[in-house]
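To be precise, the following lines are upload35.cif, and they hold mmCIF, C-alpha atoms.
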data_protein
loop_
_atom_site.group_PDB
_atom_site.id
_atom_site.type_symbol
_atom_site.label_atom_id
_atom_site.label_comp_id
_atom_site.auth_asym_id
_atom_site.auth_seq_id
_atom_site.Cartn_x
_atom_site.Cartn_y
_atom_site.Cartn_z
ATOM 1 C CA MET S 1 -6.546 -19.365 13.081
ATOM 2 C CA ARG S 2 -9.368 -18.795 10.626
ATOM 3 C CA ASN S 3 -9.183 -21.027 7.563
ATOM 4 C CA ASN S 4 -10.029 -19.662 4.169
ATOM 5 C CA SER S 5 -13.197 -17.749 5.048
ATOM 6 C CA VAL S 6 -14.829 -16.723 1.792
ATOM 7 C CA SER S 7 -17.475 -14.090 1.261
ATOM 8 C CA LEU S 8 -20.744 -15.228 -0.255
ATOM 9 C CA MET S 9 -20.400 -12.702 -3.072
ATOM 10 C CA SER S 10 -20.134 -14.426 -6.445
ATOM 11 C CA PHE S 11 -17.477 -13.469 -8.938
ATOM 12 C CA ASN S 12 -17.044 -13.948 -12.654
ATOM 13 C CA SER S 13 -15.923 -17.364 -13.724
ATOM 14 C CA ILE S 14 -15.889 -19.153 -17.013
ATOM 15 C CA ASP S 15 -18.014 -22.283 -17.168
ATOM 16 C CA ASP S 16 -16.164 -25.468 -17.755
ATOM 17 C CA HIS S 17 -16.159 -25.860 -21.535
ATOM 18 C CA PRO S 18 -13.935 -28.036 -23.690
ATOM 19 C CA LEU S 19 -12.991 -25.101 -25.905
ATOM 20 C CA ALA S 20 -12.328 -22.713 -23.027
ATOM 21 C CA ALA S 21 -8.987 -24.429 -22.381
ATOM 22 C CA VAL S 22 -7.798 -23.328 -25.838
ATOM 23 C CA TRP S 23 -8.235 -19.707 -24.817
ATOM 24 C CA CYS S 24 -6.524 -19.858 -21.416
ATOM 25 C CA PRO S 25 -3.800 -17.203 -21.593
ATOM 26 C CA PRO S 26 -0.329 -18.753 -21.768
ATOM 27 C CA SER S 27 2.028 -18.006 -18.879
ATOM 28 C CA SER S 28 4.249 -15.952 -21.193
ATOM 29 C CA ALA S 29 1.350 -13.502 -21.639
ATOM 30 C CA TRP S 30 2.518 -11.935 -18.394
ATOM 31 C CA SER S 31 6.124 -11.050 -18.619
ATOM 32 C CA PHE S 32 8.682 -13.347 -17.099
ATOM 33 C CA ALA S 33 10.739 -10.194 -16.639
ATOM 34 C CA GLU S 34 7.983 -8.611 -14.516
ATOM 35 C CA PHE S 35 7.878 -11.631 -12.249
ATOM 36 C CA GLU S 36 11.651 -11.653 -12.033
ATOM 37 C CA ALA S 37 11.462 -8.008 -10.937
ATOM 38 C CA ALA S 38 8.827 -8.889 -8.333
ATOM 39 C CA ARG S 39 11.000 -11.736 -6.992
ATOM 40 C CA ALA S 40 13.990 -9.423 -6.869
ATOM 41 C CA ALA S 41 11.935 -6.884 -4.917
ATOM 42 C CA VAL S 42 10.949 -9.539 -2.353
ATOM 43 C CA GLU S 43 14.608 -10.587 -1.959
ATOM 44 C CA GLN S 44 15.739 -6.979 -1.659
ATOM 45 C CA PHE S 45 13.158 -6.015 0.973
ATOM 46 C CA ALA S 46 13.910 -9.140 3.016
ATOM 47 C CA ALA S 47 17.655 -8.443 2.946
ATOM 48 C CA VAL S 48 17.524 -5.202 4.923
ATOM 49 C CA GLU S 49 17.537 -5.051 8.695
ATOM 50 C CA ALA S 50 14.952 -3.660 11.082
ATOM 51 C CA ASN S 51 14.240 0.079 11.008
ATOM 52 C CA TRP S 52 14.475 -0.004 7.209
ATOM 53 C CA ASP S 53 12.070 2.948 7.035
ATOM 54 C CA GLY S 54 13.751 5.070 9.708
ATOM 55 C CA PHE S 55 10.721 4.733 12.021
ATOM 56 C CA GLY S 56 11.216 1.312 13.625
ATOM 57 C CA ALA S 57 9.812 -0.967 10.911
ATOM 58 C CA LEU S 58 10.346 -4.687 11.520
ATOM 59 C CA GLN S 59 12.629 -6.790 9.376
ATOM 60 C CA ILE S 60 10.937 -9.108 6.843
ATOM 61 C CA SER S 61 11.536 -12.624 8.192
ATOM 62 C CA GLU S 62 12.852 -15.583 6.183
ATOM 63 C CA ASP S 63 9.478 -17.311 6.615
ATOM 64 C CA THR S 64 7.624 -14.316 5.186
ATOM 65 C CA LYS S 65 10.062 -14.057 2.302
ATOM 66 C CA ARG S 66 9.686 -17.749 1.505
ATOM 67 C CA ASN S 67 5.882 -17.541 1.658
ATOM 68 C CA ALA S 68 5.876 -14.504 -0.614
ATOM 69 C CA LEU S 69 8.143 -16.143 -3.210
ATOM 70 C CA THR S 70 6.001 -19.286 -3.200
ATOM 71 C CA ALA S 71 2.834 -17.226 -3.684
ATOM 72 C CA LEU S 72 4.466 -15.350 -6.587
ATOM 73 C CA SER S 73 5.320 -18.622 -8.291
ATOM 74 C CA ARG S 74 1.648 -19.629 -8.083
ATOM 75 C CA PHE S 75 0.504 -16.374 -9.680
ATOM 76 C CA GLU S 76 2.974 -16.558 -12.542
ATOM 77 C CA SER S 77 0.918 -18.714 -14.860
ATOM 78 C CA ILE S 78 -2.398 -17.097 -14.000
ATOM 79 C CA ALA S 79 -2.240 -13.373 -13.225
ATOM 80 C CA PRO S 80 -0.030 -10.336 -13.897
ATOM 81 C CA ALA S 81 2.921 -9.589 -11.660
ATOM 82 C CA PRO S 82 1.912 -7.450 -8.679
ATOM 83 C CA ALA S 83 3.509 -4.379 -7.174
ATOM 84 C CA VAL S 84 5.521 -5.534 -4.131
ATOM 85 C CA ILE S 85 5.369 -3.352 -1.030
ATOM 86 C CA PRO S 86 7.066 -3.910 2.352
ATOM 87 C CA ASN S 87 5.013 -3.186 5.466
ATOM 88 C CA PRO S 88 6.335 -1.759 8.731
ATOM 89 C CA ASN S 89 5.026 -4.759 10.741
ATOM 90 C CA GLY S 90 7.316 -7.106 8.796
ATOM 91 C CA THR S 91 4.893 -8.428 6.178
ATOM 92 C CA LEU S 92 4.901 -8.071 2.406
ATOM 93 C CA SER S 93 2.016 -6.853 0.280
ATOM 94 C CA PHE S 94 1.205 -7.596 -3.338
ATOM 95 C CA GLU S 95 -1.114 -5.171 -5.059
ATOM 96 C CA TRP S 96 -2.911 -5.157 -8.397
ATOM 97 C CA GLU S 97 -4.935 -2.171 -9.605
ATOM 98 C CA THR S 98 -7.063 -1.815 -12.731
ATOM 99 C CA GLU S 99 -10.210 0.060 -13.720
ATOM 100 C CA GLU S 100 -12.126 -2.903 -12.312
ATOM 101 C CA GLY S 101 -10.755 -2.373 -8.812
ATOM 102 C CA ILE S 102 -7.926 -3.191 -6.449
ATOM 103 C CA GLY S 103 -6.609 -6.543 -5.329
ATOM 104 C CA HIS S 104 -4.420 -6.695 -2.240
ATOM 105 C CA LEU S 105 -2.639 -9.659 -0.703
ATOM 106 C CA GLU S 106 -0.645 -9.291 2.506
ATOM 107 C CA ILE S 107 1.599 -12.225 3.417
ATOM 108 C CA GLY S 108 3.176 -12.809 6.777
ATOM 109 C CA ARG S 109 5.011 -15.493 8.671
ATOM 110 C CA THR S 110 1.981 -17.706 9.282
ATOM 111 C CA ARG S 111 -1.080 -16.085 7.640
ATOM 112 C CA TYR S 112 -2.221 -14.167 4.603
ATOM 113 C CA SER S 113 -5.062 -11.701 4.130
ATOM 114 C CA PHE S 114 -6.566 -10.953 0.755
ATOM 115 C CA TYR S 115 -9.270 -8.706 -0.602
ATOM 116 C CA ILE S 116 -10.628 -7.483 -3.885
ATOM 117 C CA ARG S 117 -12.049 -3.970 -3.600
ATOM 118 C CA PRO S 118 -14.008 -3.674 -6.882
ATOM 119 C CA SER S 119 -14.855 -0.305 -8.409
ATOM 120 C CA ILE S 120 -18.497 -1.330 -8.217
ATOM 121 C CA GLY S 121 -19.997 -3.783 -5.760
ATOM 122 C CA ASP S 122 -19.033 -5.500 -2.554
ATOM 123 C CA ALA S 123 -15.543 -6.433 -1.506
ATOM 124 C CA PHE S 124 -14.362 -10.041 -1.636
ATOM 125 C CA LEU S 125 -12.386 -11.181 1.413
ATOM 126 C CA MET S 126 -10.258 -14.224 2.083
ATOM 127 C CA ASP S 127 -7.562 -15.231 4.549
ATOM 128 C CA GLY S 128 -5.676 -18.359 5.478
ATOM 129 C CA ASN S 129 -2.358 -20.130 5.945
ATOM 130 C CA ALA S 130 0.527 -18.182 4.427
ATOM 131 C CA ARG S 131 2.101 -21.394 3.104
ATOM 132 C CA GLN S 132 -1.080 -22.311 1.256
ATOM 133 C CA VAL S 133 -1.929 -19.400 -0.988
ATOM 134 C CA PHE S 134 -4.058 -21.197 -3.581
ATOM 135 C CA GLY S 135 -6.705 -20.017 -5.982
ATOM 136 C CA LEU S 136 -6.103 -16.283 -5.628
ATOM 137 C CA GLY S 137 -4.562 -15.912 -9.068
ATOM 138 C CA SER S 138 -7.791 -17.021 -10.733
ATOM 139 C CA ILE S 139 -9.780 -14.631 -8.572
ATOM 140 C CA ILE S 140 -7.496 -11.720 -9.431
ATOM 141 C CA ASN S 141 -7.555 -12.605 -13.098
ATOM 142 C CA GLY S 142 -11.336 -13.007 -13.173
ATOM 143 C CA ARG S 143 -12.213 -9.913 -11.179
ATOM 144 C CA LEU S 144 -9.571 -7.403 -12.217
ATOM 145 C CA TYR S 145 -8.678 -8.543 -15.754
ATOM 146 C CA PRO S 146 -11.939 -10.025 -17.020
ATOM 147 C CA LYS S 147 -12.343 -8.597 -20.489
ATOM 148 C CA ARG S 148 -9.713 -10.556 -22.414
ATOM 149 C CA SER S 149 -10.826 -14.017 -21.321
ATOM 150 C CA GLU S 150 -14.554 -13.195 -21.410
ATOM 151 C CA ALA S 151 -14.352 -11.752 -24.918
ATOM 152 C CA ALA S 152 -12.280 -14.715 -26.044
ATOM 153 C CA TYR S 153 -14.738 -17.144 -24.515
ATOM 154 C CA SER S 154 -17.709 -15.420 -26.163
ATOM 155 C CA HIS S 155 -15.917 -15.525 -29.493
ATOM 156 C CA ILE S 156 -15.046 -19.207 -29.285
ATOM 157 C CA SER S 157 -18.583 -20.044 -28.099
ATOM 158 C CA THR S 158 -19.953 -18.261 -31.183
ATOM 159 C CA LEU S 159 -17.607 -20.243 -33.429
ATOM 160 C CA ALA S 160 -18.633 -23.476 -31.735
ATOM 161 C CA ASN S 161 -22.281 -22.761 -32.462
ATOM 162 C CA VAL S 162 -21.769 -22.157 -36.187
ATOM 163 C CA MET N 163 10.926 25.771 25.003
ATOM 164 C CA CYS N 164 8.289 25.057 22.329
ATOM 165 C CA ASP N 165 5.865 27.957 21.996
ATOM 166 C CA ILE N 166 3.561 26.332 19.417
ATOM 167 C CA PRO N 167 0.048 25.787 20.828
ATOM 168 C CA VAL N 168 -0.520 22.137 21.741
ATOM 169 C CA PRO N 169 -3.970 21.799 20.110
ATOM 170 C CA ILE N 170 -3.696 21.426 16.338
ATOM 171 C CA ASP N 171 -6.127 23.725 14.587
ATOM 172 C CA ASP N 172 -8.252 22.213 11.815
ATOM 173 C CA GLY N 173 -6.817 24.660 9.330
ATOM 174 C CA GLU N 174 -3.178 23.768 9.987
ATOM 175 C CA THR N 175 -1.095 22.386 7.148
ATOM 176 C CA ILE N 176 0.428 19.036 7.988
ATOM 177 C CA VAL N 177 3.413 17.675 6.054
ATOM 178 C CA ARG N 178 4.505 14.049 5.746
ATOM 179 C CA ALA N 179 8.003 13.400 4.377
ATOM 180 C CA VAL N 180 7.706 11.171 1.298
ATOM 181 C CA PHE N 181 10.297 8.487 0.607
ATOM 182 C CA SER N 182 10.602 6.134 -2.343
ATOM 183 C CA GLN N 183 8.584 3.364 -0.679
ATOM 184 C CA HIS N 184 5.614 5.776 -0.563
ATOM 185 C CA LEU N 185 5.557 6.254 -4.339
ATOM 186 C CA GLU N 186 4.540 4.217 -7.368
ATOM 187 C CA ARG N 187 5.440 6.072 -10.548
ATOM 188 C CA GLN N 188 5.109 9.503 -8.923
ATOM 189 C CA LYS N 189 1.769 8.648 -7.281
ATOM 190 C CA LEU N 190 1.326 8.293 -3.553
ATOM 191 C CA ARG N 191 0.889 4.753 -2.323
ATOM 192 C CA LEU N 192 -1.497 3.256 0.219
ATOM 193 C CA ASN N 193 1.313 2.999 2.802
ATOM 194 C CA LEU N 194 1.845 6.796 3.009
ATOM 195 C CA PHE N 195 0.486 6.992 6.562
ATOM 196 C CA SER N 196 1.208 3.385 7.561
ATOM 197 C CA ASP N 197 3.333 3.002 10.685
ATOM 198 C CA TYR N 198 4.093 -0.030 12.866
ATOM 199 C CA HIS N 199 2.809 1.742 15.978
ATOM 200 C CA ASP N 200 0.046 3.594 14.088
ATOM 201 C CA GLN N 201 1.754 6.897 14.853
ATOM 202 C CA SER N 202 3.027 8.113 11.518
ATOM 203 C CA SER N 203 5.390 11.001 11.927
ATOM 204 C CA VAL N 204 4.303 14.365 10.469
ATOM 205 C CA MET N 205 5.252 18.021 10.758
ATOM 206 C CA ARG N 206 3.178 21.083 11.608
ATOM 207 C CA HIS N 207 4.170 23.138 8.585
ATOM 208 C CA SER N 208 1.962 26.072 9.592
ATOM 209 C CA HIS N 209 4.335 26.674 12.510
ATOM 210 C CA MET N 210 7.595 25.291 11.115
ATOM 211 C CA GLY N 211 7.798 26.490 7.523
ATOM 212 C CA ALA N 212 8.998 24.568 4.482
ATOM 213 C CA ASP N 213 12.743 24.854 5.109
ATOM 214 C CA GLU N 214 12.519 23.456 8.629
ATOM 215 C CA CYS N 215 10.270 20.642 7.356
ATOM 216 C CA LYS N 216 12.929 19.843 4.725
ATOM 217 C CA ARG N 217 15.674 19.847 7.345
ATOM 218 C CA ARG N 218 13.698 17.412 9.485
ATOM 219 C CA ALA N 219 12.893 15.211 6.484
ATOM 220 C CA LEU N 220 16.579 14.975 5.567
ATOM 221 C CA ALA N 221 17.358 13.966 9.170
ATOM 222 C CA ILE N 222 15.308 10.760 8.740
ATOM 223 C CA ARG N 223 17.707 7.885 8.087
ATOM 224 C CA PRO N 224 16.007 4.792 6.646
ATOM 225 C CA GLY N 225 17.969 1.631 7.385
ATOM 226 C CA ASN N 226 17.450 0.623 3.749
ATOM 227 C CA PRO N 227 19.871 2.838 1.778
ATOM 228 C CA ASP N 228 17.775 2.406 -1.370
ATOM 229 C CA LEU N 229 14.912 4.368 0.184
ATOM 230 C CA ARG N 230 15.398 8.023 -0.715
ATOM 231 C CA TYR N 231 13.672 11.226 0.322
ATOM 232 C CA LYS N 232 11.461 12.445 -2.544
ATOM 233 C CA GLY N 233 9.310 15.343 -1.336
ATOM 234 C CA PHE N 234 6.305 16.195 0.782
ATOM 235 C CA ALA N 235 2.727 15.020 1.095
ATOM 236 C CA VAL N 236 0.613 17.911 2.371
ATOM 237 C CA ILE N 237 -2.808 17.711 3.968
ATOM 238 C CA ARG N 238 -4.910 19.875 6.261
ATOM 239 C CA ALA N 239 -5.623 18.741 9.810
ATOM 240 C CA ARG N 240 -9.363 18.864 9.112
ATOM 241 C CA GLU N 241 -8.895 16.551 6.130
ATOM 242 C CA ILE N 242 -7.127 14.037 8.360
ATOM 243 C CA ARG N 243 -9.859 14.223 10.968
ATOM 244 C CA GLY N 244 -12.556 14.003 8.294
ATOM 245 C CA THR N 245 -11.503 10.400 7.616
ATOM 246 C CA GLY N 246 -11.833 9.377 11.279
ATOM 247 C CA ALA N 247 -8.066 9.494 11.802
ATOM 248 C CA SER N 248 -6.448 11.838 14.335
ATOM 249 C CA VAL N 249 -3.463 14.188 14.335
ATOM 250 C CA THR N 250 -1.891 15.019 17.681
ATOM 251 C CA ASP N 251 1.012 17.175 18.767
ATOM 252 C CA SER N 252 4.075 15.199 19.925
ATOM 253 C CA ARG N 253 6.610 17.883 20.791
ATOM 254 C CA GLU N 254 8.596 15.427 22.894
ATOM 255 C CA VAL N 255 10.129 14.350 19.582
ATOM 256 C CA TYR N 256 10.857 17.932 18.509
ATOM 257 C CA CYS N 257 8.957 21.204 18.444
ATOM 258 C CA GLY N 258 6.464 21.027 15.554
ATOM 259 C CA HIS N 259 6.314 17.233 15.437
ATOM 260 C CA ALA N 260 2.947 15.471 15.405
ATOM 261 C CA HIS N 261 1.563 11.981 14.879
ATOM 262 C CA VAL N 262 -1.222 10.775 12.624
ATOM 263 C CA SER N 263 -3.110 7.724 13.889
ATOM 264 C CA THR N 264 -5.647 5.832 11.803
ATOM 265 C CA ASN N 265 -7.668 4.830 14.915
ATOM 266 C CA VAL N 266 -8.371 1.403 13.449
ATOM 267 C CA GLU N 267 -6.941 -1.966 14.407
ATOM 268 C CA VAL N 268 -3.148 -2.149 14.175
ATOM 269 C CA PRO N 269 -1.522 -5.189 12.553
ATOM 270 C CA PRO N 270 0.458 -7.538 14.807
ATOM 271 C CA ALA N 271 4.142 -8.210 14.257
ATOM 272 C CA ASP N 272 4.959 -10.458 11.289
ATOM 273 C CA ASP N 273 1.394 -11.243 10.218
ATOM 274 C CA PRO N 274 -1.481 -9.310 8.663
ATOM 275 C CA LEU N 275 -4.785 -8.385 10.243
ATOM 276 C CA PHE N 276 -7.670 -10.662 9.284
ATOM 277 C CA ALA N 277 -9.102 -9.647 5.928
ATOM 278 C CA ASN N 278 -12.158 -7.757 7.203
ATOM 279 C CA GLN N 279 -10.044 -5.698 9.625
ATOM 280 C CA LYS N 280 -7.347 -5.188 7.011
ATOM 281 C CA LEU N 281 -9.882 -3.871 4.531
ATOM 282 C CA GLN N 282 -11.148 -1.386 7.113
ATOM 283 C CA ARG N 283 -7.618 -0.201 7.878
ATOM 284 C CA ASP N 284 -6.621 -0.013 4.221
ATOM 285 C CA ASP N 285 -9.768 1.955 3.394
ATOM 286 C CA ARG N 286 -8.770 4.494 6.054
ATOM 287 C CA LEU N 287 -5.190 4.641 4.744
ATOM 288 C CA ARG N 288 -6.525 4.979 1.199
ATOM 289 C CA GLU N 289 -8.750 7.864 2.173
ATOM 290 C CA LEU N 290 -5.873 9.647 3.894
ATOM 291 C CA ARG N 291 -3.687 9.068 0.844
ATOM 292 C CA ASP N 292 -6.376 10.374 -1.495
ATOM 293 C CA ARG N 293 -6.708 13.614 0.470
ATOM 294 C CA ALA N 294 -2.969 14.289 0.525
ATOM 295 C CA ARG N 295 -1.230 16.243 -2.248
ATOM 296 C CA TYR N 296 2.197 15.127 -3.388
ATOM 297 C CA LEU N 297 4.778 17.871 -3.896
ATOM 298 C CA PRO N 298 7.948 16.406 -5.411
ATOM 299 C CA ASP N 299 11.159 18.022 -4.262
ATOM 300 C CA PRO N 300 12.941 19.259 -7.405
ATOM 301 C CA ASP N 301 16.279 19.263 -5.532
ATOM 302 C CA PRO N 302 16.195 16.609 -2.801
ATOM 303 C CA GLY N 303 19.846 17.136 -1.894
ATOM 304 C CA ALA N 304 19.485 20.874 -1.237
ATOM 305 C CA ALA N 305 19.301 22.048 2.358
ATOM 306 C CA ASN N 306 16.213 24.200 1.716
ATOM 307 C CA TRP N 307 12.870 23.530 0.067
ATOM 308 C CA THR N 308 12.846 24.739 -3.546
ATOM 309 C CA GLY N 309 9.596 23.097 -4.594
ATOM 310 C CA LYS N 310 6.096 24.457 -5.042
ATOM 311 C CA ASP N 311 4.755 26.778 -2.346
ATOM 312 C CA ILE N 312 3.086 24.463 0.139
ATOM 313 C CA ASP N 313 0.065 26.631 0.823
ATOM 314 C CA GLU N 314 -0.467 26.988 -2.953
ATOM 315 C CA ALA N 315 -1.146 23.254 -3.018
ATOM 316 C CA PHE N 316 -4.510 23.934 -1.370
ATOM 317 C CA ARG N 317 -5.653 26.654 -3.782
ATOM 318 C CA GLY N 318 -8.817 25.682 -5.519
ATOM 319 C CA SER N 319 -9.596 22.841 -3.130
#
Just give me the structure as structure tokens.
Amino acid sequence: MRNNSVSLMSFNSIDDHPLAAVWCPPSSAWSFAEFEAARAAVEQFAAVEANWDGFGALQISEDTKRNALTALSRFESIAPAPAVIPNPNGTLSFEWETEEGIGHLEIGRTRYSFYIRPSIGDAFLMDGNARQVFGLGSIINGRLYPKRSEAAYSHISTLANV
Amino acid sequence: MCDIPVPIDDGETIVRAVFSQHLERQKLRLNLFSDYHDQSSVMRHSHMGADECKRRALAIRPGNPDLRYKGFAVIRAREIRGTGASVTDSREVYCGHAHVSTNVEVPPADDPLFANQKLQRDDRLRELRDRARYLPDPDPGAANWTGKDIDEAFRGS
């Protein structure tokens, strides 16, 4: 199994700065209700039996459901709630789409696959152990929702220099 | 006896039945042509007509009762082939039935493809989705198709 292969493409990140912590968006910035809806969608998709699409789709396993719910809990304080989509091979996909591009995470029983397909530039790829989905929330936030935190950081840096 | 020619002409109109899992706020999703065996089921509308396509769509019974029939996605055979995917007659299912295959790596059971393969597959699915036109069914429960004329969907394109 490949472990956390990461493309060499750089992505936006905010330098470590004592004042940057003040401007980290609070978890309530992304609706608790939206994450509740995403969790409910995971539970609902995992509750139906095989052939849920009428064309022989596999059932979502308990392992996949558990991995997906754990990953959602890790996104909750960092990134917006994703769209939740069941796949015919028994995995679950989370998708985010903005003007900046598309982020897609597919979670299975043992592995995950993740990519950012930006509107401009090269794709960012990552995959690894489905029980250890770490760090993707920051990547999604930084690549697909960059303006709020970057503008805030610029503003606070300007204030700090006064 | 099925008297439709086996080869699918480039100009043929192909219809995919759209269900609720294929839509996000009335827009077609990436998974429109995603199938576990990479043989997504479609209909040769040019030979079947809209009413027969509707009848066949209503005959699909998703195991998840929350997934409802919503309408048609229409695309020309040449548009499918232009992405690198293929569309092939499969009359053993019923006369007028065909399959669309992405011709890229198929995911295994219960786990995703590795990210580079997944991106390639998703790009193909995305391109197919982008070339399809969604025609909502204004009366999903009716026996016949009462929506927009399917061939009109291609006017101006």
Hits of the PyMOL selection byres ((chain S) within 9 of (chain N)) in this structure, as a PyMOL selection string: chain S and resi 2+45+48-61+64+83+85-91+106-115+117+123+125-128
Target residues per the PyMOL selection byres ((chain N and resi 261) around 12), formatted as an MDAnalysis selection string: chainID N and resid 170 176:178 195:197 199:206 239 242 247:256 258:260 262:265
Atom CA of N:Pro300 to atom CA of N:Arg243, distance in Å rounded to a single decimal: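 Those two atoms sit 29.7 Å apart.
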Residues within 9 Å of S:Ile140, all atoms listed in the file, excluding chain neighbours under 2 positions, as a list in words: Ile78, Ala79, Pro80, Trp96, Gly103, Ile116, Leu136, Gly137, Ser138, Gly142, Arg143, Leu144, Tyr145 and Pro146 of chain S
d(atom CA of N:Lys189, atom CA of S:Leu72) in Å: 24.2 Å
Exercise: N:Ala294 partners within 9 Å, only C-alpha atoms, chain neighbours under 6 positions left out, as a ChimeraX atom specification: /N:190,235-238,241-242
Residue members of the PyMOL selection byres ((chain N and resi 212) around 12) in the file shown, as a VMD selection string: chain N and resid 175 to 179 205 to 211 213 to 219 233 to 236 258 297 299 305 to 313
Proximity to N:Ser182 - best of N:Leu194, N:Ile166, N:Ala315, N:Leu287, all atoms listed in the file: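 Nearest candidate to N:Ser182 out of N:Leu194, N:Ile166, N:Ala315, N:Leu287: N:Leu194.
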Find the smallest box with edges along x, y and z containing every listed atom of stretch 76-91 of chain S, then add 8 Å on each side and report centre and edge lengths in Å to one decimal, as lines of an AutoDock Vina configuration file.
center_x = 2.5
center_y = -10.2
center_z = -2.1
size_x = 25.7
size_y = 33.0
size_z = 41.6
One-decimal distance in Å that lies between atom CA of S:Ala37 and atom CA of S:Glu97: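 Calculated distance between atom CA of S:Glu97 and atom CA of S:Ala37 is 17.5 Å.
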Nearest residue to S:Arg66 from the set S:Ile120, S:Leu92, S:Ala33, S:Ile139 (distances using only C-alpha atoms):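 Smallest distance to S:Arg66 is found for S:Leu92.
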